Each structure stands twice: as structure tokens, then as C-alpha cells.
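Participant: Before anything else, here's the structure in question.
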Amino acid sequence: MPEEINIKKEPPAFVRWIALILISFAMFGNYYIYDSISPLADLLKEQLKYSDKNIGLLNAIYSLPNIIMVLIGGIIIDRIGTRRSVFIFSFLVMLGAFVTVLYGSIYSMAAGRLIFGLGAESMIVAITTIVARWFKGKELSFAFGLNLTVARLGSFLALNSPSLAKPLYNYWQNPLWISLSAGVFAVVCIVFYYFMDVYASRKYKMRKEGSQDKIVLREIFSFDKSFWFITFLCVTFYSAMFPFQTFAIKFFQEAHGTTREVGGNLSSILTLAAMIFTPLFGLLSDKIGKRSLLMMLGSLVIIPVYLIMAYKVDIAAPLGFRGGTAFLSTNAGEMWIKTTEGLPTMGIKVLYTNPIDDKLFAGTNKGVYTTSNFGLSWEQQSKGITASTIFGFANIGTNIFVATSGGVFLSTDNGINWKSESNVYSKTVIQEEQKSESSIFSKMSLSGTDVRTISNLGDKVYTGTSEGVFETGDMGKNWTLFNNGLENTDVYSLCGSVNRIYAGSEQGIFMLNKNDTIWKNINNSNSLTKIKSIFIKDTLIFAVAENSIIQAYENDFNWTVISQGIAASEIYTVFSDKDEIFAGTDEGIYKCKINMNQWQNASHEIGRSNVRTITKLSSGIYTGTSDALKIKLKFFDIDSEIPFYLIIPMALMGFAFSLIPAVMWPSVALVVKEAKLGTAYGLMTMIQNIGLALFNLLIGYTNDISAAGADNPSGYNTGMWIFSTLGFLGLFFAFMLRMSERKKPHGLEYGSIHKKKEKKTEKEKNE
């Protein structure tokens with residue numbers, strides 16, 4: 001009786017895609033843990049006293065073991081197979097996340113990141129090899145793209161965690177517990193994959209692995225030139241991307257005056273773009289080939305973007321995206337005249353009238369601007385202000401204070417020269433006996449503090465920050481934390497009158513009478529939240545509460561909503577002149593008569609711009625606009641406004657961050673023999689990690705040496721030049737790859753359309 005021959009079939013498509021889903025979700029956990037440090041940068045600096053060098057070390061030490069480990073890991077993968085090796089590596093990932101969260105010591109956290117690094121990159125090499133094993137000869141680039149999309153969802157969620165898990169960002173350790181859960185999730189996914197791979201290996205015809213009999217290290221140097229050019233492109237490209245992301249949120253906060261949440265949203269544009277476009281670029285390269293040309297394009301794109309952000313070059317306005325400007329109305333909002341000559345196009349944060357001489361000041365993302373001719377022309381007057389973003393003004397006589405993203409500055413010569421008045425504030429905090437952690441404060445300087453609002457009461461100046469209200473009675477020489485009675489220390493607005501000052505916070509409106517030491521809650525049982533603006537007109541108080549305008553009289557504080565007719569999703573500010581009230585919204589400006597509650601849109605020439613600030617000069621009413629892209633994703637709890645001038649360069653980076661990886665990683669499988677693929681990916685990742693370790697340390701060191709911070713944003717410029725130089729080197733290596741492929745092709749320039757043409761030509765010849 002003849003023996004029955006059992007010919008195994010290749011695994012069906014649904015089995016391949018399930019395998020891809022499991023390993024991709026494991027990568028999701030890996031990527032989340034890696035990017036969990038960036039959103040914590042300011043908390044680590046503030047609560048644990050970490051320097052930029054320390055923060056850079058936490059990502060650099062991740063890369064250090066991989067200078068050797070990923071090569072060893074690649075050899076292990078070729079030796080014992082992907083199934084067992086990927087489990088070992090993912091367990092190290094989880095263990096590293098656990099050690100990182102335990103203690104705040106730099107040594108303990110660095111040890112955790114070291115253990116994490118031992119497993120993370122080798123895990124990525126193993127998973128990359130798994131994708132090649134299951135999909136080579138099929139939808140290889142597309143599968144790589146989908147794998148990266150799911151993995152980068154982890155990065156996206158980590159970078160947006162300040163929005164998603166905002167309550168946890170009051171202490172450095174809390175968000176890292178989420179990172180640990182991501183590590184546990186990764187191990188669970190790999191366990192499921194392990195048993196699935198065992199089943200598939202028994203039932204289906206699978207590509208052989210774990211069959212390298214002899215490890216010969218010198219064979220590493222026998223890889224083709226094309227492999228080396230891809231590797232050098234890899235190290236320059238990722239060294240320009242990941243070290244930037246290490247400091248990106250901090251950079252956006254300190255150099256561009258964004259909140260931590262908006263900084264995270266901006267940084268996650270790279271990840272979001274990669275999630276969407278990496279699979280599509282993978283499909284494109286599968287179809288058309290031209291891989292070296294596509295990598296050249298991606299490298300070219302990133303060269304200018306760092307310098308655009310460093311020097312605040314607004315390329316959005318020339319492309320038709322509204323930035324911001326100032327408008328003047330001489331007839332109570334019936335008509336508006338643009339007054340933009342000399343103003344930056346990035347938008348206006350605040351307008352302020354000096355009551356002494358009717359001089360108009362504008363606070364922008366590029367410092368202070370003034371006009372003495374009613375807005376016909378503006379000139380920058382920021383001499384001495386080292387911070388970049390201006391949020392508010394206050395004056396005591398001829399002394400003008402300005403609130404910035406890097407502390408408080410004072411001018412005694414009507415805004416011509418400024419000096420820092422963010423010196424020292426007292427440890428003797430005016431508080432009730434310590435009822436909460438907010439009562440304990442060890443920070444000793446307002447320098448570098450993000451001061452969002454400022455006002456005065458008599459000869460005292462008050463500032464609002466995320467840490468509460470600070471008071472000075474000696475012209476800014478000493479500041480005192482003044483939170484007694486405040487139910488929430490996140491203060492958005494301040495407004496002073498003759499005998500009292502009002503503070504708007506997340507929990508409503510609070511009042512401080514002159515010479516009192518306790519803030520009084522004046523919400524009067526109303527559920528008032530997020531008070532963004534306060535304005536006092538005689539005995540009437542107007543305020544913006546969430547997205548409504550409210551008013552009350554100072555003698556009773558019975559608040560009523562007066563927003564009827566305002567068809568806007570966001571209200572930013574309120575102002576009153578004579579018998580009219582004006583509201584700045586994301587649909588322009590509205591006005592109504594006092595006590596009428598019948599609002600009408602009075603934008604006219606302003607259009608649907610975001611009106612952020614309103615003030616009055618003898619010549620008329622002035623408004624300042626600052627348009628941004630509003631992003632509202634309820635599922636991710638994201639509600640942010642991102643400046644257009646920052647979106648463009650970050651979108652370009654996102655384009656490159658999608659294109660190059662989608663083409664680069666699958667290209668290795670085309671230029672290296674399958675038996676050596678694990679070693680090749682390990683070697684490539686090893687060299688990549690040399691670059692990541694060096695450049696994370698270099699950028700952190702450069703930022704420290706240049707004193708980069710909110711009070712010196714230009715200190716970041718040196719690092720941005722380094723990133724641009726890396727982009728140029730990437731372009732050079734992609735070009736050399738193209739030249740190499742012309743002499744000795746490996747199929748990088750061929751896609752499915754070329755194969756179809758060849759088949760058609762061959763068929764025609766045979767006929």
C-alpha cells in the first residue's frame with residue numbers, strides 16, 4: 001500500500017493577519033513605555049530636580065545596551081527562532097517598566113530604562129523578523145506599515161496622556177503605572193502569539209527559522225553596500241526624530257508658550273501621521289518600487305522643519321492659513337480696520353493700554369510689540385525679555401509688568417527696556433495650616449514659570465499660574481505663594497479693581513479684598529468652572545465661564561448667564577465700554593447692550609477669526625486675533641487649539657516619519673538573505689541605537705550648556721541645527737543608496753507594476 005504524502009499548505013490569509021495583530025499589539029505596549037518619559041519632562045525637572053541631561057539620559061541609557069544587545073539579539077533570533085526569543089525580550093520590557101516606576105532616584109529610573117532597553121529593541125527586531133517570515137512575497141511593506149501603525153498608537157496615547165489622564169499628572173510616578181500595565185499587556189499578547197505560532201508550524205507550511213548552525217561575526221561585514229546605506233540612513237533619520245521627541249513637549253512649552261497638553265498634541269502629530277500614512281506608503285512602495293527615491297524625498301523634507309520651529313518662521317500665513325492680527329474700530333464695532341504693519345503673523349495673545357500715556361502694547365509669541373500711532377505701525381520692544389510668549393500686562397504707576405512663559409519682567413521706562421522680576425518667592429507661604437499637598441512648596445524662583453495672567457491691587461502685583469497665585473509688594477523683588485482659600489490652584493485669569501482682586505480658576509471665581517489674607521469663593525452655589533476671563537465695569541462683573549458669559553453685581557454676586565445669541569463653540573474674553581459688552585469668540589466678535597442679553601455678531605472685516613483679546617484706546621476699540629486649528633476628540637479626551645505656524649512643520653515631519661520607515665525596513669528583506677535576516681536587523685538596530693544614545697545625551701547636554709528654558713528659548717537653537725544637519729546626512733545616504741542600486745540592483749526600484757509588465761512582455765514573447 002503506497003504511503004500517503006502529506007503536503008502542507010501555506011497558512012491562510014486570516015491566520016497571517018491574526019498573527020500580525022497579536023505582535024502589533026505587543027509592539028503597542030513597547031512603544032507606549034518608550035514615549036512615557038517625554039510628557040513627564042517638566043514634572044521630573046520640577047519635582048525630582050532633574051536636569052535636561054538627566055532626562056536625556058533616561059532615553060539614552062535605553063539605547064546604550066542595544067549597541068551590543070540587538071546584534072546579539074538578532075543572532076539569538078536566527079539561532080533559536082522568533083517564537084522563544086520574542087517572549088524573552090517582551091518579559092524584559094515589562095520588568096524594565098516595573099523597575100522604572102518604583103523610585104524617583106535617577107539611578108533607579110535609569111536602571112529600569114536600561115532593563116527596558118535590553119528587551120525593547122531586540123523585541124522590535126524579533127517582531128520585524130516575524131513580519132518578514134509571515135509576509136515575504138506577499139503584502140510585505142503593507143504588513144510592516146500596519147505593524148508600525150498599531151505600535152505608534154502606543155506612542156500617540158503616551159504623548160497625549162497629559163490630556164487623557166490629566167488628573168495623574170500632579171505627580172511624576174502616577175503616569176508610569178500606566179506604562180507598567182502596557183508592559184503586562186505586551187507580554188500577554190506575545191503569550192497568545194507563541195501558542196498560535198506553535199499551532200501554525202504544525203499545521204501549515206511555514207518558512208524555516210532558528211536554523212543558523214554557526215555564528216560567524218565576520219560575516220556581518222560581508223553585507224552588501226545597499227544594506228549599509230540603508231543602515232546609515234536609519235541612524236541619521238531616527239537620531240533626528242526620537243531625541244527631538246524626548247524634549248519636544250518641553251520645547252513647545254518653553255520656546256512657544258504652549259500648555260503641556262498642546263505640546264503633547266503637537267508631538268503626537270508625528271505618531272498620528274505615521275499611524276495613518278505608513279501602511280499607505282507601504283502599499284505605494286509595493287506597487288511602484290522607487291524605494292531609494294522615496295527615502296530621498298522623506299530625508300529632504302525634514303531638513304528645514306527644525307529651523308522653522310527654532311526661529312519661529314511662519315510659513316502658514318503665506319499658505320493661506322490665518323495667523324492673527326490687530327483690528328481697530330472707531331465706531332463701537334460697526335467697522336474694523338486692520339492694523340498689522342510690523343506685527344508678527346503668528347497671532348496676538350493680549351492687548352494692553354497703558355493708562356499713563358495711551359500707548360498700546362501687544363503680547364505675542366515673539367515678544368512685546370508697541371504702537372504710538374494708534375496701530376498704523378508696530379515695533380518690537382522686547383529688550384531684556386528672554387521668554388518668547390507674552391500672556392498679560394499690569395502696571396503700578398509708570399512701572400509695567402509683563403507675564404510670560406518664562407516668568408515676570410518689569411519695565412520702568414514705558415516698555416523700552418525690561419528686566420526679570422521673577423527672583424525669589426518666600427518659603428513662608430500664606431496658607432491655612434497645611435491641609436493639602438499644595439500647601440507645601442519648595443521651589444524658589446518664578447524664573448522659568450509659566451505665568452498666564454497678571455493684575456494688580458493697589459501697590460501689589462498678583463500672577464496666576466498652574467501652581468496658584470503669587471503676590472509681590474516690592475515691585476517683584478520677592479514673590480509669595482498666596483493660595484489660602486483657593487479651591488483649585490490652576491488660575492486662568494486675574495482682574496483687579498480699586499479695593500479687591502478677582503481670580504478665575506477651574507473651580508470658579510474667587511475674591512480677595514484689599515489687606516485680606518484669604519480668598520473668598522463667590523460662586524454662590526453656582527456650578528461655575530474654568531473662568532477664562534474677568535472684566536469689571538463700575539459695579540458689574542463680567543466673566544467667561546467655560547463657554548458662557550456670566551455677570552453679577554459686586555454687592556450680591558448672584559450670577560446670571562447672558563450668552564443669548566452667541567453662536568460660537570468657544571468664548572475667550574469679555575470686555576465692556578460705555579453701555580456695551582464685547583465678547584471675543586472663535587466666530588469673531590459679538591456685542592450687546594448692558595442688561596439686554598441680545599448678542600449680535602459684530603465681526604464684519606474680522607471674519608470668523610479667533611478674537612483672543614479686546615481693549616480700548618482713545619482712538620477706539622482694539623481686538624487681537626490668534627487663529628489655531630481646533631482639535632476635539634472626545635474618545636481621547638483631547639480638546640486643544642494648535643497654532644497653524646507649528647502644525648505645518650510638524651505635519652512635514654509626520655510625512656517623513658511615515659514615508660521613510662514604511663520603505664526602509666522592508667527594503668532590508670530585499671537586500672539580505674533570509675537566513676541572515678535576524679542578524680541584519682539586529683546589526684541595523686544596533687547602529688541605530690548608537691546614534692540614539694549619543695544624540696539623546698548630546699542634545700540634553702547642549703540644552704543645558706545653552707541654558708535652554710522658558711526664560712531662554714533661543715538656547716534650544718543649537719540642538720535644532722544638529723537635527724537639521726542629520727536630515728541632510730540622511731538625504732546623502734539615500735542618494736548613495738540610489739547610486740548603489742543602479743550598479744547592483746536588488747529590486748528596490750521594482751514594484752508590482754513592473755512585475756506585471758514583465759509578465760505581460762514574457763507572455764507576448766511566448767505567443
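Quick note on naming: the chains in the C-alpha cells go A, B, ... in the order shown, residues restart at 1 in each chain, and ligands are numbered from 1 in order of appearance.
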Stretch 320-356 of chain A near stretch 570-576 of chain A within 12 Å: what's each residue's closest atom pair and its distance in Å to one decimal, counting only C-alpha atoms, ordered by chain then ascending residue number, as a tab-separated table?
Facilitator:
residue	atom	partner	partner_atom	distance
A:Ala332	CA	A:Ser576	CA	10.7
A:Lys349	CA	A:Tyr572	CA	10.7
A:Val350	CA	A:Thr573	CA	10.2
A:Leu351	CA	A:Thr573	CA	11.5
Participant: Residues at most 6 Å from stretch 734-742 of chain A, counting only C-alpha atoms, excluding those fewer than 6 positions away in the same chain, as a ChimeraX atom specification?
Facilitator: /A:226,229,292,295-296
Participant: Would you return as a ChimeraX atom specification the members of stretch 139-266 of chain A that DSSP assigns to alpha helix (DSSP H) on this structure's backbone?
Facilitator: /A:140-159,161-164,174-203,225-256,260-266
Participant: Using only C-alpha atoms, which protein or nucleic acid residues come within 8 Å of stretch 184-198 of chain A? Drop anything in the same chain fewer than 3 positions from it, and give the result as number ranges by chain.
Facilitator: A: 19, 22-23, 25-30, 83-84, 86-87, 90-91, 94, 180-181, 201-202
Participant: Find the residues around A:Asp586 up to 7 Å (only C-alpha atoms counted), leave out those fewer than 5 positions away in its own chain, and share them as a PDB file with C-alpha atoms, in the first residue's frame.
Facilitator:
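Below is the file that was written, part.pdb:
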ATOM      1  CA  ALA A 568     -19.729  80.185  18.900  1.00  0.00           C
ATOM      2  CA  SER A 569     -18.209  76.999  20.301  1.00  0.00           C
ATOM      3  CA  GLU A 570     -15.510  78.864  22.235  1.00  0.00           C
ATOM      4  CA  ILE A 571     -15.601  82.195  24.088  1.00  0.00           C
ATOM      5  CA  ARG A 608     -14.517  84.173  11.716  1.00  0.00           C
ATOM      6  CA  SER A 609     -11.150  84.679  13.392  1.00  0.00           C
ATOM      7  CA  ASN A 610     -10.417  83.730  16.991  1.00  0.00           C
ATOM      8  CA  VAL A 611     -10.656  87.011  18.897  1.00  0.00           C
TER       9      VAL A 611
END
Participant: Nearest to A:Ile75 among A:Ala693, A:Leu164, A:Ala317, A:Leu683, with distances taken over only C-alpha atoms: which residue is it?
Facilitator: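 Among A:Ala693, A:Leu164, A:Ala317, A:Leu683, it is A:Leu683 that comes nearest to A:Ile75.
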Participant: For A:Val544, find every residue with an atom within 6 Å (counting only C-alpha atoms), except residues of its own chain fewer than 2 positions away, and show them as a short mmCIF file (atom, residue, chain, number, x, y, z; two decimals) with all heavy atoms, in the first residue's frame.
Facilitator:
data_model
loop_
_atom_site.label_atom_id
_atom_site.label_comp_id
_atom_site.auth_asym_id
_atom_site.auth_seq_id
_atom_site.Cartn_x
_atom_site.Cartn_y
_atom_site.Cartn_z
N ILE A 531 -12.94 79.61 34.59
CA ILE A 531 -13.16 81.05 34.37
C ILE A 531 -11.97 81.60 33.58
O ILE A 531 -10.88 81.82 34.12
CB ILE A 531 -13.32 81.80 35.70
CG1 ILE A 531 -14.41 81.13 36.55
CG2 ILE A 531 -13.63 83.27 35.45
CD1 ILE A 531 -15.79 81.14 35.92
N LYS A 532 -12.16 81.83 32.28
CA LYS A 532 -11.06 82.20 31.39
C LYS A 532 -10.80 83.69 31.33
O LYS A 532 -9.71 84.12 30.93
CB LYS A 532 -11.34 81.66 29.98
CG LYS A 532 -11.33 80.16 29.89
CD LYS A 532 -11.61 79.67 28.48
CE LYS A 532 -13.08 79.73 28.16
NZ LYS A 532 -13.42 79.09 26.88
N SER A 533 -11.79 84.51 31.68
CA SER A 533 -11.63 85.95 31.55
C SER A 533 -12.56 86.65 32.53
O SER A 533 -13.70 86.20 32.75
CB SER A 533 -11.95 86.40 30.12
OG SER A 533 -11.93 87.80 30.00
N SER A 548 -19.73 80.21 28.38
CA SER A 548 -20.83 81.14 28.60
C SER A 548 -20.30 82.44 29.18
O SER A 548 -19.24 82.46 29.80
CB SER A 548 -21.87 80.54 29.57
OG SER A 548 -22.40 79.34 29.06
N ILE A 549 -21.05 83.50 28.98
CA ILE A 549 -20.72 84.77 29.64
C ILE A 549 -21.69 84.94 30.80
O ILE A 549 -22.90 84.74 30.67
CB ILE A 549 -20.83 85.95 28.66
CG1 ILE A 549 -19.75 85.81 27.60
CG2 ILE A 549 -20.66 87.27 29.40
CD1 ILE A 549 -19.75 86.91 26.56
#
Participant: Give me, as JSON, numbers by chain, all polymer residues having an atom no more than 12 Å from A:Tyr107, counting only C-alpha atoms and skipping those fewer than 5 positions away in the same chain.
Facilitator: {"A": [50, 54, 55, 57, 58, 61, 99, 100, 101, 102, 112, 113, 114]}
Participant: Using only C-alpha atoms, which of A:Ala274, A:Gln47, A:Gly747, A:Ile80 sits nearest A:Ala669?
Facilitator: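 Selected residue with least distance to A:Ala669: A:Gly747.
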Participant: Go through A:Val451, A:Leu528, A:Ala255, A:Ile581 one by one, measure the shortest atom-to-atom distance of each to A:Asn558 using only C-alpha atoms, and give the residue with the smallest value.
Facilitator: A:Leu528
